[in-house]
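A short worksheet on the structure shown next.
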There are 2 protein chains.
Amino acid sequence: MISKPELHTSLSPALLHLYDLNNSVVVIIDVFRATSTIASVLYNGAKCVIPVDSVPKAIEISKNIGGIAAGERDGLIAEGLQHGNSPLEYTREFIENKVLVLTTTNGTRLLHMALEKGAESIISGSFPNLSAVCDHLVAEKRNVILGCAGWKDRFNLEDTLFAGAVISRIKEHFTIHCDSSLMAEAMFVKHKSNLLKFAPQLTHYHRLVERFGLIEDIKYCLTDDVANVLPVYKEGKLIIKSR
Amino acid sequence: MISKPELHTSLSPALLHLYDLNNSVVVIIDVFRATSTIASVLYNGAKCVIPVDSVPKAIEISKNIGGIAAGERDGLIAEGLQHGNSPLEYTREFIENKVLVLTTTNGTRLLHMALEKGAESIISGSFPNLSAVCDHLVAEKRNVILGCAGWKDRFNLEDTLFAGAVISRIKEHFTIHCDSSLMAEAMFVKHKSNLLKFAPQLTHYHRLVERFGLIEDIKYCLTDDVANVLPVYKEGKLIIKSR
């Protein structure tokens, strides 16, 4: 019998070093909102998203290549930028054929950490592109690390729920000996029939909705397959994997 | 209105630095098995438990003071020691009026990390002393960090379930804005009616039961209040807090 590849869930960037990244497909998960925005931007026809780790770098690169600099710090559009981290901001009319240079508090930071720690195969996952992520992971037949971005290294439930959604769909294709994955799937199964109703209990919901009024963002970020493309990281850029 | 103290759950030693330890009561949680053993040892009349971070130190200190050196590495009695980390090993006949010098893979390591990071009020928690822990936390009226020891920095569910048990009992006394705590309580509520039936799904269960046959240890470690004392850390020792 051929053994199945392994799947693990890393609940925080501060736990990522515990996993064997360079022999795995690493899924970057930042549900509210970086990876939902990345899916949205590429789905709406952007050439690519360039994830960077600082605002000055986003400004510099976007100037050099004629792209759009965007970013978020602590939930708001980052100082010095005109565009933020809302998936709804990037309509087809606005973003088609353009390049977005994006920096965020958690998601793009996690992606750079994964690179530093030797990850060679990185994709971006969120509810808006859930099916594309699942199809890819099953087809690859390689080990998987579901990497939750959390909030400043703290555990959060929305990223965990997405990990659980992936696990609940594809678990029969993998060997899973991982309490984080077991928990993630259980939490997803408990709340899958109404994620939006559960959302107000999440710490990050308070940050985004009560402070910044971003309820439409939350709805989008919790909807399956509304931007069902697969962003893969290649030579500094996130691009759509052609099927 | 007087605001309630805050409660947070740290899911791994690698996340402990994210919390404000020195203004909180820190509960060290290593359900399988260090903190269950500590409760058992003190309940059965030991003078104290001295937690240390290495086997040579356990041997040296126990020689100097005429105590019993004990320890575990990777689930087994540590090399060079005669006594391990099983709560059932420490009957009253054996341990009464003695001093146990204990080193373990996760639990005693977490305790030393908490000390290094400035914790001033440390107690030890497990299902065998659940009520004593809850009573203490409610009486103290201070912020609480529930510190899960995990397994070599990885998340584990048994420590999380204990955190959830504490939260489900005492939550009305605290302000809780913490996704880890929300998750811990949900997982506990889901499985509280039969923790022992759920246990075979845990990674650590396989390590302890399938490899080492320690099913009786598991049963003890999942039983409420069978060693219902409160171990508090004071000047290098865990002793029973007198009521």
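Ordering of the structure tokens sets the chain letters (A, B, ...), residue numbers begin anew at 1 in every chain, and ligands are numbered from 1 in the order given.
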
Legend entry - All residues 6 Å or closer to region 83-89 of chain B, only C-alpha atoms, same chain fewer than 4 positions away omitted, as a list in words: Thr37, Ser40, Ala70, Gly71, Glu72 and Ile77 of chain B

Inset, instruction - Show which residues sit within 7 Å of Cys48 (chain A), as a list in words. Count only C-alpha atoms, and ignore same-chain residues fewer than 3 positions away. - result: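 My list of contacting residues is Leu42, Val99, Leu100, Lys237, Leu238 and Ile239 of chain A.
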
Output for the residues just chosen: C-alpha atoms as a PDB file, in the first residue's frame:
```pdb
ATOM      1  CA  LEU A  42      -6.426  37.834  -9.330  1.00  0.00           C
ATOM      2  CA  VAL A  99      -0.112  44.783 -10.785  1.00  0.00           C
ATOM      3  CA  LEU A 100      -0.931  45.069  -7.069  1.00  0.00           C
ATOM      4  CA  LYS A 237       4.788  37.162  -7.460  1.00  0.00           C
ATOM      5  CA  LEU A 238       1.445  35.568  -6.812  1.00  0.00           C
ATOM      6  CA  ILE A 239      -0.094  34.580 -10.132  1.00  0.00           C
TER       7      ILE A 239
END
```

Which residues of chain A have any atom within 12 Å of an atom in chain B when counting only C-alpha atoms, and what is the closest pair of atoms for each, with the distance in Å to one decimal? Order the rows by chain and rising number and write it as a Markdown table.
```
| residue | atom | partner | partner_atom | distance |
| --- | --- | --- | --- | --- |
| A:His8 | CA | B:Arg154 | CA | 10.8 |
| A:Thr9 | CA | B:Phe155 | CA | 9.7 |
| A:Ser10 | CA | B:Arg154 | CA | 8.6 |
| A:Leu11 | CA | B:Phe155 | CA | 8.0 |
| A:Ser12 | CA | B:Leu15 | CA | 8.5 |
| A:Pro13 | CA | B:Leu15 | CA | 9.8 |
| A:Ala14 | CA | B:Ala14 | CA | 6.6 |
| A:Leu15 | CA | B:Ala14 | CA | 6.8 |
| A:Leu16 | CA | B:Arg154 | CA | 9.8 |
| A:His17 | CA | B:Asp153 | CA | 10.0 |
| A:Leu18 | CA | B:Arg154 | CA | 7.3 |
| A:Tyr19 | CA | B:Arg154 | CA | 9.5 |
| A:Gly150 | CA | B:Asp179 | CA | 10.0 |
| A:Trp151 | CA | B:Asp179 | CA | 10.4 |
| A:Lys152 | CA | B:Leu18 | CA | 8.8 |
| A:Asp153 | CA | B:Leu15 | CA | 7.5 |
| A:Arg154 | CA | B:Leu15 | CA | 7.2 |
| A:Phe155 | CA | B:Ser180 | CA | 6.2 |
| A:Asn156 | CA | B:Asp179 | CA | 5.5 |
| A:Leu157 | CA | B:Asp179 | CA | 5.9 |
| A:Glu158 | CA | B:Asp179 | CA | 9.1 |
| A:Asp159 | CA | B:Asp179 | CA | 10.9 |
| A:Thr160 | CA | B:Met183 | CA | 9.9 |
| A:Leu161 | CA | B:Met183 | CA | 10.6 |
| A:Ile176 | CA | B:Thr203 | CA | 9.8 |
| A:His177 | CA | B:Thr203 | CA | 6.1 |
| A:Cys178 | CA | B:Thr203 | CA | 6.4 |
| A:Asp179 | CA | B:Asn156 | CA | 5.5 |
| A:Ser180 | CA | B:Phe155 | CA | 6.2 |
| A:Ser181 | CA | B:Phe155 | CA | 9.9 |
| A:Leu182 | CA | B:Gln201 | CA | 8.2 |
| A:Met183 | CA | B:Leu157 | CA | 7.5 |
| A:Ala184 | CA | B:Met183 | CA | 9.4 |
| A:Glu185 | CA | B:Met187 | CA | 11.1 |
| A:Ala186 | CA | B:Met187 | CA | 8.0 |
| A:Met187 | CA | B:Met183 | CA | 7.6 |
| A:Phe188 | CA | B:Met183 | CA | 10.9 |
| A:Val189 | CA | B:Lys190 | CA | 11.7 |
| A:Lys190 | CA | B:Ala186 | CA | 9.2 |
| A:His191 | CA | B:Ala186 | CA | 10.9 |
| A:Phe198 | CA | B:Leu182 | CA | 11.3 |
| A:Ala199 | CA | B:Asp179 | CA | 11.1 |
| A:Pro200 | CA | B:Asp179 | CA | 11.4 |
| A:Gln201 | CA | B:Leu182 | CA | 8.3 |
| A:Leu202 | CA | B:Asp179 | CA | 6.3 |
| A:Thr203 | CA | B:His177 | CA | 6.1 |
| A:His204 | CA | B:Asp179 | CA | 8.9 |
| A:Tyr205 | CA | B:Asp179 | CA | 10.8 |
| A:His206 | CA | B:His177 | CA | 9.6 |
| A:Arg207 | CA | B:His177 | CA | 11.3 |
```

Please save N, CA and C atoms of the selected residues as a CSV table (one decimal), in the first residue's frame.
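New file again.csv:
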```
chain,number,residue,atom,x,y,z
A,8,HIS,N,-0.6,18.8,7.9
A,8,HIS,CA,-0.5,19.4,9.2
A,8,HIS,C,-1.1,20.8,9.2
A,9,THR,N,-1.5,21.3,10.3
A,9,THR,CA,-2.0,22.7,10.4
A,9,THR,C,-1.1,23.4,11.4
A,10,SER,N,-0.6,24.5,11.0
A,10,SER,CA,0.2,25.4,11.9
A,10,SER,C,-0.7,26.6,12.3
A,11,LEU,N,-0.9,26.7,13.6
A,11,LEU,CA,-2.0,27.6,14.1
A,11,LEU,C,-1.5,29.0,14.2
A,12,SER,N,-0.2,29.3,14.1
A,12,SER,CA,0.3,30.6,14.2
A,12,SER,C,1.7,30.7,13.5
A,13,PRO,N,2.0,31.9,12.9
A,13,PRO,CA,3.4,32.0,12.4
A,13,PRO,C,4.5,31.6,13.3
A,14,ALA,N,4.2,31.8,14.6
A,14,ALA,CA,5.2,31.4,15.6
A,14,ALA,C,5.4,29.9,15.8
A,15,LEU,N,4.6,29.1,15.2
A,15,LEU,CA,4.7,27.7,15.2
A,15,LEU,C,5.2,27.1,13.9
A,16,LEU,N,5.3,27.9,12.9
A,16,LEU,CA,5.6,27.5,11.5
A,16,LEU,C,6.9,26.7,11.5
A,17,HIS,N,7.9,27.1,12.3
A,17,HIS,CA,9.2,26.4,12.3
A,17,HIS,C,9.2,25.0,12.7
A,18,LEU,N,8.0,24.5,13.3
A,18,LEU,CA,7.9,23.1,13.8
A,18,LEU,C,7.6,22.2,12.6
A,19,TYR,N,7.4,22.7,11.5
A,19,TYR,CA,6.9,21.8,10.4
A,19,TYR,C,8.0,21.8,9.2
A,150,GLY,N,-3.0,34.1,11.6
A,150,GLY,CA,-3.3,34.6,13.0
A,150,GLY,C,-3.3,36.1,13.0
A,151,TRP,N,-3.2,36.6,14.2
A,151,TRP,CA,-3.1,38.1,14.4
A,151,TRP,C,-1.9,38.4,15.3
A,152,LYS,N,-0.9,38.9,14.6
A,152,LYS,CA,0.4,39.2,15.4
A,152,LYS,C,0.8,38.0,16.2
A,153,ASP,N,0.9,36.9,15.6
A,153,ASP,CA,1.3,35.6,16.1
A,153,ASP,C,0.3,34.9,17.1
A,154,ARG,N,-0.8,35.6,17.4
A,154,ARG,CA,-1.8,34.9,18.2
A,154,ARG,C,-2.7,34.1,17.3
A,155,PHE,N,-3.2,33.0,17.9
A,155,PHE,CA,-4.2,32.1,17.2
A,155,PHE,C,-5.4,32.9,16.9
A,156,ASN,N,-6.0,32.7,15.7
A,156,ASN,CA,-7.4,33.2,15.5
A,156,ASN,C,-8.2,32.1,14.9
A,157,LEU,N,-9.5,32.2,15.1
A,157,LEU,CA,-10.4,31.2,14.7
A,157,LEU,C,-10.8,31.2,13.2
A,158,GLU,N,-10.8,32.4,12.6
A,158,GLU,CA,-11.2,32.4,11.2
A,158,GLU,C,-10.2,31.6,10.3
A,159,ASP,N,-8.9,31.8,10.5
A,159,ASP,CA,-8.0,31.0,9.7
A,159,ASP,C,-8.1,29.5,10.0
A,160,THR,N,-8.3,29.2,11.3
A,160,THR,CA,-8.5,27.8,11.7
A,160,THR,C,-9.7,27.2,11.1
A,161,LEU,N,-10.8,28.0,11.0
A,161,LEU,CA,-12.0,27.5,10.3
A,161,LEU,C,-11.8,27.2,8.9
A,176,ILE,N,-3.4,12.1,8.6
A,176,ILE,CA,-3.4,13.3,9.5
A,176,ILE,C,-3.3,12.8,10.9
A,177,HIS,N,-2.1,13.0,11.5
A,177,HIS,CA,-1.9,12.8,12.9
A,177,HIS,C,-1.5,14.2,13.5
A,178,CYS,N,-2.4,15.0,13.8
A,178,CYS,CA,-2.2,16.4,14.1
A,178,CYS,C,-3.3,16.9,14.9
A,179,ASP,N,-3.1,17.2,16.2
A,179,ASP,CA,-4.2,17.7,17.0
A,179,ASP,C,-4.8,19.0,16.5
A,180,SER,N,-3.9,19.9,15.9
A,180,SER,CA,-4.4,21.1,15.3
A,180,SER,C,-5.4,20.9,14.2
A,181,SER,N,-5.1,19.9,13.4
A,181,SER,CA,-6.0,19.6,12.2
A,181,SER,C,-7.3,19.0,12.8
A,182,LEU,N,-7.2,18.2,13.7
A,182,LEU,CA,-8.4,17.5,14.3
A,182,LEU,C,-9.3,18.6,14.9
A,183,MET,N,-8.7,19.6,15.6
A,183,MET,CA,-9.5,20.7,16.2
A,183,MET,C,-10.1,21.6,15.1
A,184,ALA,N,-9.3,21.9,14.1
A,184,ALA,CA,-9.7,22.8,13.1
A,184,ALA,C,-10.9,22.2,12.4
A,185,GLU,N,-10.9,20.9,12.1
A,185,GLU,CA,-12.0,20.3,11.4
A,185,GLU,C,-13.3,20.3,12.3
A,186,ALA,N,-13.1,20.0,13.6
A,186,ALA,CA,-14.2,20.0,14.5
A,186,ALA,C,-14.8,21.3,14.6
A,187,MET,N,-14.0,22.4,14.7
A,187,MET,CA,-14.6,23.7,14.8
A,187,MET,C,-15.3,24.1,13.5
A,188,PHE,N,-14.8,23.7,12.4
A,188,PHE,CA,-15.4,24.0,11.1
A,188,PHE,C,-16.8,23.3,11.0
A,189,VAL,N,-16.8,22.0,11.3
A,189,VAL,CA,-18.0,21.2,11.2
A,189,VAL,C,-19.1,21.8,12.2
A,190,LYS,N,-18.6,22.3,13.3
A,190,LYS,CA,-19.6,22.9,14.3
A,190,LYS,C,-20.3,24.1,13.7
A,191,HIS,N,-19.5,24.9,12.9
A,191,HIS,CA,-20.0,26.2,12.5
A,191,HIS,C,-20.3,26.3,11.0
A,198,PHE,N,-21.6,33.0,13.4
A,198,PHE,CA,-20.6,32.7,14.4
A,198,PHE,C,-19.6,33.9,14.4
A,199,ALA,N,-19.4,34.5,13.3
A,199,ALA,CA,-18.3,35.6,13.2
A,199,ALA,C,-18.3,36.6,14.3
A,200,PRO,N,-19.4,37.1,14.8
A,200,PRO,CA,-19.4,38.1,15.8
A,200,PRO,C,-18.6,37.7,17.1
A,201,GLN,N,-18.4,36.4,17.3
A,201,GLN,CA,-17.7,35.9,18.4
A,201,GLN,C,-16.2,36.0,18.3
A,202,LEU,N,-15.7,36.3,17.1
A,202,LEU,CA,-14.3,36.3,16.8
A,202,LEU,C,-13.7,37.6,17.2
A,203,THR,N,-12.5,37.6,17.8
A,203,THR,CA,-11.8,38.8,18.2
A,203,THR,C,-11.6,39.7,17.0
A,204,HIS,N,-11.2,39.2,15.8
A,204,HIS,CA,-10.9,40.0,14.7
A,204,HIS,C,-12.2,40.7,14.1
A,205,TYR,N,-13.3,40.0,14.3
A,205,TYR,CA,-14.6,40.6,13.8
A,205,TYR,C,-14.8,42.0,14.5
A,206,HIS,N,-14.5,42.0,15.8
A,206,HIS,CA,-14.7,43.3,16.6
A,206,HIS,C,-13.8,44.3,16.0
A,207,ARG,N,-12.5,43.9,15.7
A,207,ARG,CA,-11.6,44.9,15.1
A,207,ARG,C,-12.1,45.5,13.8
```

Legend entry - Residue contacts of Arg73 (chain B) (7 Å, only C-alpha atoms) excluding same-chain residues fewer than 5 positions away, as a count of residues only: 3

Inset, instruction - Looking only at strand (DSSP E) from DSSP on the backbone, list the matching residues of region 12-226 of chain B as number ranges by chain. - result: B: 24-29, 48-51, 68-73, 76-77, 99-103, 121-125, 143-148

Store the residues of this selection in a file with C-alpha atoms, as a tab-separated table (two decimals), in the first residue's frame.
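Listing of out.tsv after writing:
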```
chain	number	residue	atom	x	y	z
B	24	SER	CA	-1.40	37.38	35.89
B	25	VAL	CA	-1.87	34.09	37.61
B	26	VAL	CA	-0.20	31.63	35.22
B	27	VAL	CA	-1.62	28.10	35.19
B	28	ILE	CA	0.85	25.49	33.90
B	29	ILE	CA	-1.11	22.74	32.12
B	48	CYS	CA	7.06	19.37	47.78
B	49	VAL	CA	7.93	18.90	44.12
B	50	ILE	CA	11.03	20.63	42.82
B	51	PRO	CA	10.69	21.14	39.07
B	68	ILE	CA	13.67	11.29	44.84
B	69	ALA	CA	14.83	12.13	41.33
B	70	ALA	CA	12.24	11.51	38.65
B	71	GLY	CA	11.76	12.45	35.06
B	72	GLU	CA	10.50	11.73	31.61
B	73	ARG	CA	11.88	12.24	28.16
B	76	LEU	CA	9.62	7.22	29.00
B	77	ILE	CA	11.47	7.32	32.31
B	99	VAL	CA	10.62	15.50	48.16
B	100	LEU	CA	10.26	14.75	44.45
B	101	VAL	CA	12.71	16.39	42.03
B	102	LEU	CA	11.01	16.24	38.64
B	103	THR	CA	12.04	16.99	35.05
B	121	SER	CA	2.25	33.79	40.40
B	122	ILE	CA	2.38	30.25	39.04
B	123	ILE	CA	0.11	27.31	39.81
B	124	SER	CA	-0.16	23.84	38.31
B	125	GLY	CA	-3.43	22.58	36.79
B	143	ASN	CA	-5.85	38.25	35.23
B	144	VAL	CA	-5.29	34.63	34.22
B	145	ILE	CA	-3.10	32.97	31.59
B	146	LEU	CA	-3.94	29.32	30.99
B	147	GLY	CA	-0.60	28.01	29.70
B	148	CYS	CA	-0.78	24.79	27.69
```

Legend entry - Which of region 56-151 of chain B fall in alpha helix (DSSP H), as a PyMOL selection string: chain B and resi 56-65+92-95+107-116+130-140

Inset, instruction - Would you list the contacts of Arg169 (chain A) as a PyMOL selection string, taking every protein, DNA or RNA residue within 12 Å and counting only C-alpha atoms, but skipping same-chain residues closer than 5 positions in sequence? - result: chain A and resi 130-135+137-138+162-164+174+185+188-189

Legend entry - Computed interatomic separation between CA of Gly66 (chain A) and CA of Val41 (chain A) (Å):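 Between these atoms lies a distance of 16.5 Å.
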